$ cat query_5.csv   # CSV, C-alpha atoms and all ligand atoms
chain,number,residue,atom,x,y,z
A,1,MET,CA,-21.8,-22.1,15.5
A,2,ALA,CA,-19.6,-19.1,14.8
A,3,GLU,CA,-20.0,-16.2,17.3
A,4,THR,CA,-21.7,-12.9,16.3
A,5,LYS,CA,-20.1,-9.8,17.7
A,6,ASN,CA,-21.5,-6.3,17.8
A,7,TYR,CA,-19.4,-3.2,17.3
A,8,GLU,CA,-20.1,0.5,16.6
A,9,VAL,CA,-17.2,0.8,14.2
A,10,VAL,CA,-15.5,-2.1,12.2
A,11,ILE,CA,-12.3,-1.1,10.4
A,12,VAL,CA,-11.1,-3.5,7.7
A,13,GLY,CA,-7.3,-3.2,7.4
A,14,GLY,CA,-4.6,-2.4,9.9
A,15,GLY,CA,-2.2,-0.1,8.1
A,16,PRO,CA,-1.6,3.5,9.1
A,17,ALA,CA,-5.2,4.6,8.0
A,18,GLY,CA,-6.9,1.7,9.8
A,19,LEU,CA,-4.8,2.0,13.0
A,20,ALA,CA,-5.2,5.8,13.2
A,21,CYS,CA,-9.0,5.4,12.6
A,22,GLY,CA,-9.1,2.8,15.4
A,23,GLN,CA,-7.2,5.1,17.8
A,24,TYR,CA,-9.5,8.1,17.1
A,25,SER,CA,-12.6,6.0,17.2
A,26,ALA,CA,-11.8,4.1,20.4
A,27,ARG,CA,-10.7,7.4,22.0
A,28,ALA,CA,-14.0,8.9,21.1
A,29,GLY,CA,-15.7,6.1,23.1
A,30,ARG,CA,-16.9,4.0,20.2
A,31,LYS,CA,-16.6,0.2,20.5
A,32,THR,CA,-14.1,-0.4,17.7
A,33,VAL,CA,-12.4,-3.3,16.1
A,34,ILE,CA,-9.8,-3.6,13.4
A,35,LEU,CA,-9.9,-6.7,11.2
A,36,GLU,CA,-6.4,-7.4,9.9
A,37,GLU,CA,-5.4,-10.3,7.7
A,38,LEU,CA,-1.7,-10.3,8.4
A,39,ALA,CA,0.2,-7.9,10.7
A,40,PRO,CA,-0.6,-4.4,11.8
A,41,GLY,CA,1.4,-1.7,9.9
A,42,GLY,CA,0.3,-2.6,6.4
A,43,GLN,CA,2.6,-1.6,3.7
A,44,THR,CA,4.8,0.4,6.1
A,45,MET,CA,6.1,-3.0,7.3
A,46,ILE,CA,8.2,-3.4,4.2
A,47,ILE,CA,9.7,0.1,4.2
A,48,ASP,CA,13.3,0.3,5.3
A,49,GLU,CA,13.2,3.8,6.6
A,50,ILE,CA,10.6,6.6,6.9
A,51,GLU,CA,12.0,10.0,7.4
A,52,ASN,CA,9.1,12.3,6.6
A,53,TYR,CA,6.5,11.4,9.3
A,54,PRO,CA,6.3,14.6,11.3
A,55,GLY,CA,7.8,14.4,14.8
A,56,LEU,CA,9.4,11.0,14.6
A,57,GLY,CA,12.6,11.7,12.7
A,58,LYS,CA,14.0,8.6,11.0
A,59,VAL,CA,12.1,5.4,11.9
A,60,SER,CA,11.8,2.0,10.3
A,61,GLY,CA,8.5,1.0,8.8
A,62,TYR,CA,8.2,-1.8,11.4
A,63,GLU,CA,8.8,0.7,14.2
A,64,ILE,CA,6.1,3.1,13.0
A,65,GLY,CA,3.6,0.3,12.5
A,66,ALA,CA,4.3,-0.9,16.1
A,67,LYS,CA,3.8,2.6,17.5
A,68,PHE,CA,0.5,3.0,15.6
A,69,GLU,CA,-0.7,-0.3,16.9
A,70,GLU,CA,0.3,0.4,20.5
A,71,GLN,CA,-1.5,3.7,20.6
A,72,ALA,CA,-4.7,2.3,19.0
A,73,VAL,CA,-4.8,-0.6,21.4
A,74,GLY,CA,-3.9,1.8,24.3
A,75,PHE,CA,-7.2,3.7,23.7
A,76,GLY,CA,-9.2,0.4,23.7
A,77,CYS,CA,-9.4,-0.5,20.0
A,78,GLU,CA,-9.5,-4.2,19.5
A,79,ILE,CA,-7.5,-5.9,16.8
A,80,VAL,CA,-8.7,-9.3,15.4
A,81,TYR,CA,-6.6,-11.2,13.0
A,82,GLY,CA,-8.4,-12.9,10.2
A,83,GLY,CA,-9.8,-12.5,6.7
A,84,VAL,CA,-13.1,-10.8,5.8
A,85,ASN,CA,-15.1,-12.9,3.3
A,86,SER,CA,-17.9,-10.4,2.6
A,87,ILE,CA,-19.7,-7.3,3.7
A,88,THR,CA,-23.5,-7.3,3.5
A,89,ARG,CA,-25.7,-4.3,3.9
A,90,LEU,CA,-28.7,-5.3,6.0
A,91,PRO,CA,-32.3,-4.0,5.5
A,92,ASP,CA,-31.9,-1.5,8.4
A,93,GLY,CA,-28.8,0.0,6.7
A,94,THR,CA,-26.3,-1.6,9.1
A,95,PHE,CA,-23.6,-4.1,8.0
A,96,SER,CA,-22.8,-7.7,8.6
A,97,LEU,CA,-19.2,-8.8,8.0
A,98,ASP,CA,-18.6,-12.5,7.4
A,99,THR,CA,-15.1,-13.3,8.6
A,100,THR,CA,-12.8,-16.2,9.4
A,101,ASP,CA,-13.4,-15.2,13.0
A,102,GLY,CA,-17.2,-15.2,12.9
A,103,THR,CA,-19.8,-12.5,12.1
A,104,PHE,CA,-19.3,-8.9,13.0
A,105,LEU,CA,-22.3,-6.5,13.0
A,106,SER,CA,-21.9,-2.7,12.9
A,107,PRO,CA,-23.6,0.4,11.7
A,108,VAL,CA,-20.2,1.7,10.3
A,109,VAL,CA,-17.5,0.0,8.2
A,110,VAL,CA,-14.3,1.7,7.4
A,111,ILE,CA,-12.4,0.3,4.4
A,112,ALA,CA,-8.7,0.8,5.0
A,113,THR,CA,-7.5,-2.1,2.9
A,114,GLY,CA,-4.8,-0.2,1.1
A,115,ALA,CA,-3.2,-1.3,-2.2
A,116,LYS,CA,-1.1,-4.1,-3.3
A,117,HIS,CA,1.9,-4.0,-5.7
A,118,ARG,CA,1.2,-3.9,-9.4
A,119,SER,CA,3.0,-6.4,-11.7
A,120,LEU,CA,4.9,-5.6,-14.9
A,121,ASP,CA,3.2,-8.5,-16.6
A,122,VAL,CA,6.1,-9.5,-18.7
A,123,PRO,CA,7.4,-13.0,-19.6
A,124,GLY,CA,9.6,-14.4,-16.9
A,125,GLU,CA,8.3,-12.2,-14.1
A,126,LYS,CA,5.8,-14.5,-12.4
A,127,GLU,CA,8.1,-17.6,-13.0
A,128,MET,CA,11.1,-15.9,-11.3
A,129,ILE,CA,9.4,-14.6,-8.1
A,130,GLY,CA,11.6,-15.8,-5.3
A,131,HIS,CA,14.3,-16.6,-7.8
A,132,GLY,CA,15.5,-13.1,-8.4
A,133,VAL,CA,12.2,-11.2,-8.9
A,134,SER,CA,11.0,-9.3,-5.9
A,135,TYR,CA,8.5,-6.6,-4.8
A,136,CYS,CA,10.1,-5.9,-1.5
A,137,ALA,CA,13.6,-4.5,-1.1
A,138,THR,CA,13.7,-4.7,2.7
A,139,CYS,CA,12.6,-8.4,2.6
A,140,ASP,CA,14.8,-9.6,-0.3
A,141,GLY,CA,17.5,-7.0,-0.8
A,142,PRO,CA,20.0,-8.8,1.6
A,143,PHE,CA,20.0,-11.8,-0.8
A,144,PHE,CA,21.5,-9.5,-3.5
A,145,ARG,CA,24.4,-8.0,-1.5
A,146,GLY,CA,27.2,-7.1,-3.9
A,147,ARG,CA,25.1,-8.3,-6.9
A,148,LYS,CA,23.9,-6.6,-10.0
A,149,ILE,CA,20.4,-5.2,-9.3
A,150,LEU,CA,17.7,-3.7,-11.5
A,151,VAL,CA,14.9,-1.6,-10.1
A,152,CYS,CA,11.8,-1.0,-12.3
A,153,GLY,CA,9.6,2.1,-11.9
A,154,GLY,CA,9.8,5.8,-11.8
A,155,GLY,CA,7.8,6.8,-8.7
A,156,ASP,CA,8.8,7.5,-5.1
A,157,SER,CA,8.9,3.8,-4.2
A,158,ALA,CA,11.2,2.8,-7.0
A,159,CYS,CA,13.7,5.6,-6.2
A,160,GLN,CA,13.5,5.2,-2.5
A,161,GLU,CA,13.9,1.4,-2.5
A,162,ALA,CA,16.7,1.7,-5.0
A,163,MET,CA,18.6,3.8,-2.4
A,164,PHE,CA,18.1,1.1,0.1
A,165,LEU,CA,19.5,-1.5,-2.3
A,166,ARG,CA,22.4,0.8,-3.1
A,167,LYS,CA,23.5,0.3,0.5
A,168,LEU,CA,23.9,-3.4,-0.3
A,169,SER,CA,25.4,-3.1,-3.8
A,170,ASP,CA,27.5,-0.7,-5.8
A,171,ASP,CA,25.7,-1.9,-9.0
A,172,VAL,CA,22.1,-0.7,-8.9
A,173,THR,CA,20.3,0.5,-12.0
A,174,VAL,CA,16.8,2.1,-12.1
A,175,THR,CA,14.8,1.7,-15.4
A,176,HIS,CA,11.8,3.8,-16.2
A,177,ARG,CA,9.4,3.8,-19.2
A,178,ARG,CA,9.6,7.6,-19.6
A,179,ASP,CA,12.4,10.1,-19.8
A,180,ARG,CA,11.4,11.8,-16.5
A,181,PHE,CA,10.8,10.3,-13.1
A,182,ARG,CA,7.4,10.7,-11.5
A,183,ALA,CA,9.0,10.7,-8.0
A,184,GLN,CA,9.4,13.8,-5.9
A,185,ALA,CA,12.4,15.9,-7.0
A,186,SER,CA,14.2,15.6,-3.7
A,187,ILE,CA,14.0,11.8,-3.8
A,188,VAL,CA,15.2,11.7,-7.4
A,189,LYS,CA,18.2,14.0,-6.5
A,190,ALA,CA,19.2,11.9,-3.6
A,191,MET,CA,19.0,8.8,-5.7
A,192,LEU,CA,21.1,10.2,-8.5
A,193,ASP,CA,23.6,11.6,-6.0
A,194,SER,CA,24.0,8.1,-4.5
A,195,GLY,CA,25.6,6.7,-7.7
A,196,ILE,CA,22.6,4.8,-9.0
A,197,LYS,CA,22.6,4.3,-12.7
A,198,THR,CA,19.5,5.0,-14.9
A,199,LEU,CA,18.1,3.4,-18.0
A,200,MET,CA,15.4,5.8,-19.2
A,201,ASN,CA,12.7,5.5,-21.9
A,202,LYS,CA,12.9,1.8,-21.8
A,203,THR,CA,10.2,-0.8,-21.3
A,204,VAL,CA,11.1,-4.2,-19.9
A,205,GLU,CA,10.2,-6.8,-22.5
A,206,SER,CA,11.2,-10.0,-20.6
A,207,ILE,CA,13.1,-11.2,-17.6
A,208,ASN,CA,15.3,-14.0,-18.7
A,209,GLU,CA,16.2,-17.1,-16.7
A,210,LYS,CA,19.7,-18.6,-16.4
A,211,ASN,CA,20.2,-21.7,-14.3
A,212,GLY,CA,16.8,-21.4,-12.6
A,213,LYS,CA,17.4,-17.8,-11.6
A,214,VAL,CA,17.2,-14.3,-13.1
A,215,GLY,CA,20.1,-14.0,-15.6
A,216,SER,CA,19.2,-11.0,-17.7
A,217,VAL,CA,16.6,-8.5,-18.7
A,218,THR,CA,15.6,-7.5,-22.2
A,219,PHE,CA,14.6,-3.8,-22.8
A,220,ARG,CA,12.9,-2.1,-25.7
A,221,ASP,CA,13.9,1.5,-26.4
A,222,LYS,CA,10.7,3.6,-26.5
A,223,GLU,CA,12.0,5.9,-29.3
A,224,THR,CA,14.0,3.5,-31.6
A,225,GLY,CA,12.2,0.2,-30.8
A,226,GLU,CA,15.7,-1.3,-30.4
A,227,LEU,CA,15.9,-4.4,-28.2
A,228,THR,CA,18.9,-4.8,-25.8
A,229,THR,CA,19.6,-7.4,-23.2
A,230,GLU,CA,21.7,-6.9,-20.1
A,231,ASP,CA,22.7,-9.3,-17.3
A,232,PHE,CA,21.2,-8.8,-13.9
A,233,ASP,CA,21.0,-10.9,-10.7
A,234,GLY,CA,18.0,-9.3,-9.1
A,235,VAL,CA,15.0,-7.4,-10.4
A,236,PHE,CA,12.9,-5.3,-8.0
A,237,ILE,CA,9.6,-4.1,-9.3
A,238,PHE,CA,7.9,-0.9,-8.0
A,239,VAL,CA,5.5,0.1,-10.7
A,240,GLY,CA,2.6,1.4,-8.5
A,241,ASN,CA,-0.2,-0.2,-6.6
A,242,VAL,CA,-3.7,-1.7,-7.2
A,243,PRO,CA,-6.4,-0.7,-4.7
A,244,GLN,CA,-7.9,-3.6,-2.7
A,245,THR,CA,-11.6,-2.9,-3.2
A,246,ALA,CA,-13.0,-6.4,-3.8
A,247,LEU,CA,-15.1,-6.3,-0.6
A,248,VAL,CA,-17.0,-3.3,-1.7
A,249,PRO,CA,-17.8,-3.8,-5.4
A,250,ASP,CA,-20.7,-1.4,-5.3
A,251,CYS,CA,-18.8,1.7,-4.0
A,252,GLU,CA,-18.3,4.4,-6.5
A,253,LYS,CA,-14.7,4.4,-7.8
A,254,ASP,CA,-12.4,6.5,-10.0
A,255,GLU,CA,-11.1,5.5,-13.4
A,256,ALA,CA,-8.1,3.7,-11.7
A,257,GLY,CA,-10.4,1.8,-9.3
A,258,PHE,CA,-9.7,3.8,-6.1
A,259,ILE,CA,-12.8,4.3,-3.9
A,260,ARG,CA,-14.3,7.8,-4.2
A,261,THR,CA,-15.1,9.5,-0.9
A,262,ASP,CA,-16.4,12.9,0.2
A,263,ALA,CA,-14.3,15.2,2.5
A,264,HIS,CA,-15.6,13.2,5.5
A,265,MET,CA,-14.3,9.9,4.0
A,266,MET,CA,-17.8,8.7,3.4
A,267,THR,CA,-18.2,6.5,0.2
A,268,SER,CA,-21.2,6.4,-2.0
A,269,ILE,CA,-22.7,3.9,0.4
A,270,PRO,CA,-24.0,5.5,3.6
A,271,GLY,CA,-22.2,4.0,6.6
A,272,ILE,CA,-19.2,2.8,4.6
A,273,PHE,CA,-16.1,5.0,4.9
A,274,ALA,CA,-12.8,4.6,3.2
A,275,ALA,CA,-9.3,5.9,4.3
A,276,GLY,CA,-5.7,5.7,3.1
A,277,ASP,CA,-4.3,4.3,-0.1
A,278,VAL,CA,-7.5,2.5,-1.1
A,279,ARG,CA,-9.3,5.8,-1.7
A,280,ASP,CA,-9.0,8.4,-4.5
A,281,THR,CA,-6.4,10.7,-2.9
A,282,PRO,CA,-3.8,12.6,-4.9
A,283,PHE,CA,-0.9,12.2,-2.4
A,284,ARG,CA,-0.3,8.8,-0.7
A,285,GLN,CA,1.9,9.1,2.4
A,286,VAL,CA,1.8,7.5,5.9
A,287,VAL,CA,0.8,10.9,7.3
A,288,THR,CA,-2.0,11.4,4.8
A,289,ALA,CA,-3.3,7.8,5.4
A,290,ALA,CA,-3.2,8.5,9.2
A,291,ALA,CA,-5.1,11.8,8.6
A,292,ASP,CA,-7.7,10.0,6.5
A,293,GLY,CA,-8.2,7.6,9.4
A,294,ALA,CA,-8.7,10.3,11.9
A,295,VAL,CA,-11.2,12.1,9.6
A,296,ALA,CA,-13.1,8.9,9.0
A,297,ALA,CA,-13.3,8.1,12.7
A,298,HIS,CA,-14.6,11.6,13.5
A,299,TYR,CA,-17.4,11.5,10.9
A,300,ALA,CA,-18.2,7.9,11.5
A,301,SER,CA,-18.9,8.9,15.1
A,302,GLU,CA,-21.1,11.7,13.9
A,303,TYR,CA,-22.9,9.3,11.6
A,304,ILE,CA,-23.6,7.0,14.5
A,305,ASP,CA,-25.0,9.9,16.5
A,306,ALA,CA,-27.3,10.8,13.7
A,307,LEU,CA,-28.5,7.2,13.3
A,308,ASN,CA,-29.1,7.0,17.1
A,309,GLY,CA,-31.1,10.3,16.8
A,310,MET,CA,-33.2,8.7,14.2
A,311,LYS,CA,-33.6,5.6,16.4
A,312,TYR,CA,-32.4,3.1,13.8
B,1,LIG,P1,3.4,5.5,-8.4
B,1,LIG,O1,3.7,6.9,-7.8
B,1,LIG,O2,2.1,5.2,-8.9
B,1,LIG,O3,4.5,5.3,-9.5
B,1,LIG,C1,4.5,4.1,-10.3
B,1,LIG,C2,5.6,4.2,-11.3
B,1,LIG,O4,5.6,3.0,-12.1
B,1,LIG,C3,5.4,5.3,-12.3
B,1,LIG,O5,6.6,5.9,-12.6
B,1,LIG,C4,4.8,4.6,-13.5
B,1,LIG,O6,5.2,5.2,-14.8
B,1,LIG,C5,5.5,3.3,-13.4
B,1,LIG,N1,4.6,2.2,-14.0
B,1,LIG,C6,3.3,2.0,-13.8
B,1,LIG,N2,2.9,0.9,-14.5
B,1,LIG,C7,3.9,0.5,-15.2
B,1,LIG,C8,4.1,-0.5,-16.1
B,1,LIG,N3,3.1,-1.4,-16.5
B,1,LIG,N4,5.3,-0.7,-16.7
B,1,LIG,C9,6.4,0.1,-16.3
B,1,LIG,N5,6.2,1.2,-15.5
B,1,LIG,C10,5.0,1.3,-14.9
B,1,LIG,O7,3.7,4.4,-7.3
B,1,LIG,P2,4.7,4.3,-6.1
B,1,LIG,O8,6.0,4.8,-6.4
B,1,LIG,O9,4.6,2.9,-5.5
B,1,LIG,O10,4.1,5.3,-5.0
B,1,LIG,C11,2.7,5.1,-4.6
B,1,LIG,C12,2.3,6.2,-3.7
B,1,LIG,O11,3.0,6.2,-2.5
B,1,LIG,C13,2.6,7.6,-4.3
B,1,LIG,O12,1.5,8.5,-4.0
B,1,LIG,C14,3.9,8.0,-3.7
B,1,LIG,O13,4.0,9.4,-3.6
B,1,LIG,C15,3.8,7.4,-2.3
B,1,LIG,N6,5.1,7.1,-1.7
B,1,LIG,C16,5.7,8.1,-1.0
B,1,LIG,C17,7.0,7.9,-0.5
B,1,LIG,C18,7.7,9.0,0.2
B,1,LIG,O14,7.2,10.1,0.3
B,1,LIG,N7,8.8,8.9,0.8
B,1,LIG,C19,7.6,6.7,-0.7
B,1,LIG,C20,7.0,5.7,-1.4
B,1,LIG,C21,5.7,5.9,-1.9
B,1,LIG,P3,4.7,6.7,-15.2
B,1,LIG,O15,5.5,7.6,-14.4
B,1,LIG,O16,5.0,6.7,-16.7
B,1,LIG,O17,3.2,6.7,-14.9

$ encode --input "query_5.csv" --output "structure tokens"
Amino acid sequence: MAETKNYEVVIVGGGPAGLACGQYSARAGRKTVILEELAPGGQTMIIDEIENYPGLGKVSGYEIGAKFEEQAVGFGCEIVYGGVNSITRLPDGTFSLDTTDGTFLSPVVVIATGAKHRSLDVPGEKEMIGHGVSYCATCDGPFFRGRKILVCGGGDSACQEAMFLRKLSDDVTVTHRRDRFRAQASIVKAMLDSGIKTLMNKTVESINEKNGKVGSVTFRDKETGELTTEDFDGVFIFVGNVPQTALVPDCEKDEAGFIRTDAHMMTSIPGIFAAGDVRDTPFRQVVTAAADGAVAAHYASEYIDALNGMKY
């Protein structure tokens, strides 16, 4: 029979929010575990370079993830690798998590599951994943060294990842559905200065196959409706993220599906906190995710004190 383990704080997700939460919680003396499906670091693991995390200068996403993990574990936070199947609220208000590693019981659950890439949902996209369509420049960019690359999206990710790809190819184009980028002005300027071309006000209509790989992309002009097709070898898609909230279907969410929290990171369900990209925050950065994690850990600890005072 699978083992049942008791913790004071169970954190689901080992990205910057989850690892920072684990560090603060364990340091505060709480018996804490992070349940992580893949590898600690979350989305940072696929970022080539992070230059805006205070105090660290320029570091790779992998490096920052490893530093977060080392510090959390150093304070006594446990990390268990495996998937969470479900979270159930028990009659006494505590939680039972059914996982691939047995059952975890805890009065507090912190949801730090982040967000996953959104798809364009156009013909040819799904079919050509791994054959020229990618959502990770660091992972797949080297396969397109010296080739003709298209990046889709207008946010920080599209512009920043395009600059990484520009190091590998002289022929990088970013296409966006509007005439203005959403990305921070400094990032847009650096991207334009690096010699990246832009195709604005266009929607991608289809990604077209040639000899089993991406061969071209068809665009529709938003103003004229005109269709044009241009040859590309690789298409990198960065059109935002979808929050990973399936484990907590009953938590209150915003219109886009991100979990609503109060200033203490508490969700609409007492004892469930949320931190990082999964919650309704206006500015998603590694530093803000880490800060969310610290806030969640602090108030989770206060919540446990209150429960103990009430002799739950
Ligand atoms: P984002 O800011 O949500 O931007 C998504 C972009 O994709 C937008 O330009 C959006 O267009 C476009 N888009 C969305 N759906 C589309 C569709 N179906 N077809 C075509 N285009 C579509 O996402 P992100 O760039 O991944 O960034 C996510 C968060 O991480 C943001 O908070 C960002 O600031 C942060 N981030 C920060 C850094 C950094 O500071 N260095 C780096 C990466 C990410 P519209 O503009 O028309 O909506």

$ closest_residue --input "query_5.csv" --among "A:Lys197, A:Lys126, A:His298, A:Arg178" --to "Cys159 (chain A)" --atoms "only C-alpha atoms"
A:Lys197

$ residues_near_ligand --input "query_5.csv" --ligand "ligand LIG 1 (chain B)" --cutoff "6 Å" --atoms "all atoms listed in the file" --output "list in words"
Leu120, Gly153, Gly154, Gly155, Asp156, Ser157, Ala158, Arg177, Arg178, Arg182, Phe238, Val239, Gly240, Asn241, Phe283, Arg284 and Gln285 of chain A

$ residues_around --input "query_5.csv" --residues "Lys222 (chain A)" --least-positions-apart "6" --cutoff "7 Å" --atoms "all atoms listed in the file" --output "PyMOL selection string"
chain A and resi 201-203

$ residues_around --input "query_5.csv" --residues "region 212-221 of chain A" --least-positions-apart "3" --cutoff "8 Å" --atoms "all atoms listed in the file" --output "mmCIF file with C-alpha atoms, in the coordinates of the input"
data_model
loop_
_atom_site.group_PDB
_atom_site.id
_atom_site.type_symbol
_atom_site.label_atom_id
_atom_site.label_comp_id
_atom_site.auth_asym_id
_atom_site.auth_seq_id
_atom_site.Cartn_x
_atom_site.Cartn_y
_atom_site.Cartn_z
ATOM 1 C CA MET A 128 11.100 -15.900 -11.300
ATOM 2 C CA HIS A 131 14.300 -16.600 -7.800
ATOM 3 C CA GLY A 132 15.500 -13.100 -8.400
ATOM 4 C CA VAL A 133 12.200 -11.200 -8.900
ATOM 5 C CA ASN A 201 12.700 5.500 -21.900
ATOM 6 C CA LYS A 202 12.900 1.800 -21.800
ATOM 7 C CA THR A 203 10.200 -0.800 -21.300
ATOM 8 C CA VAL A 204 11.100 -4.200 -19.900
ATOM 9 C CA GLU A 205 10.200 -6.800 -22.500
ATOM 10 C CA SER A 206 11.200 -10.000 -20.600
ATOM 11 C CA ILE A 207 13.100 -11.200 -17.600
ATOM 12 C CA ASN A 208 15.300 -14.000 -18.700
ATOM 13 C CA GLU A 209 16.200 -17.100 -16.700
ATOM 14 C CA THR A 224 14.000 3.500 -31.600
ATOM 15 C CA GLY A 225 12.200 0.200 -30.800
ATOM 16 C CA GLU A 226 15.700 -1.300 -30.400
ATOM 17 C CA LEU A 227 15.900 -4.400 -28.200
ATOM 18 C CA THR A 228 18.900 -4.800 -25.800
ATOM 19 C CA THR A 229 19.600 -7.400 -23.200
ATOM 20 C CA GLU A 230 21.700 -6.900 -20.100
ATOM 21 C CA ASP A 231 22.700 -9.300 -17.300
ATOM 22 C CA PHE A 232 21.200 -8.800 -13.900
ATOM 23 C CA ASP A 233 21.000 -10.900 -10.700
ATOM 24 C CA GLY A 234 18.000 -9.300 -9.100
ATOM 25 C CA VAL A 235 15.000 -7.400 -10.400
#

$ atom_distance --input "query_5.csv" --atom1 "CA of Lys253 (chain A)" --atom2 "CA of Lys116 (chain A)"
16.7 Å

$ closest_residue --input "query_5.csv" --among "A:Leu247, A:Ile237, A:Ala275, A:Val287" --to "Ile87 (chain A)" --atoms "all atoms listed in the file"
A:Leu247

$ atom_distance --input "query_5.csv" --atom1 "CA of Ala162 (chain A)" --atom2 "CA of Ile129 (chain A)"
18.1 Å

$ residues_around --input "query_5.csv" --residues "Phe236 (chain A)" --least-positions-apart "6" --cutoff "8 Å" --atoms "only C-alpha atoms" --output "PyMOL selection string"
chain A and resi 133-137+149-152
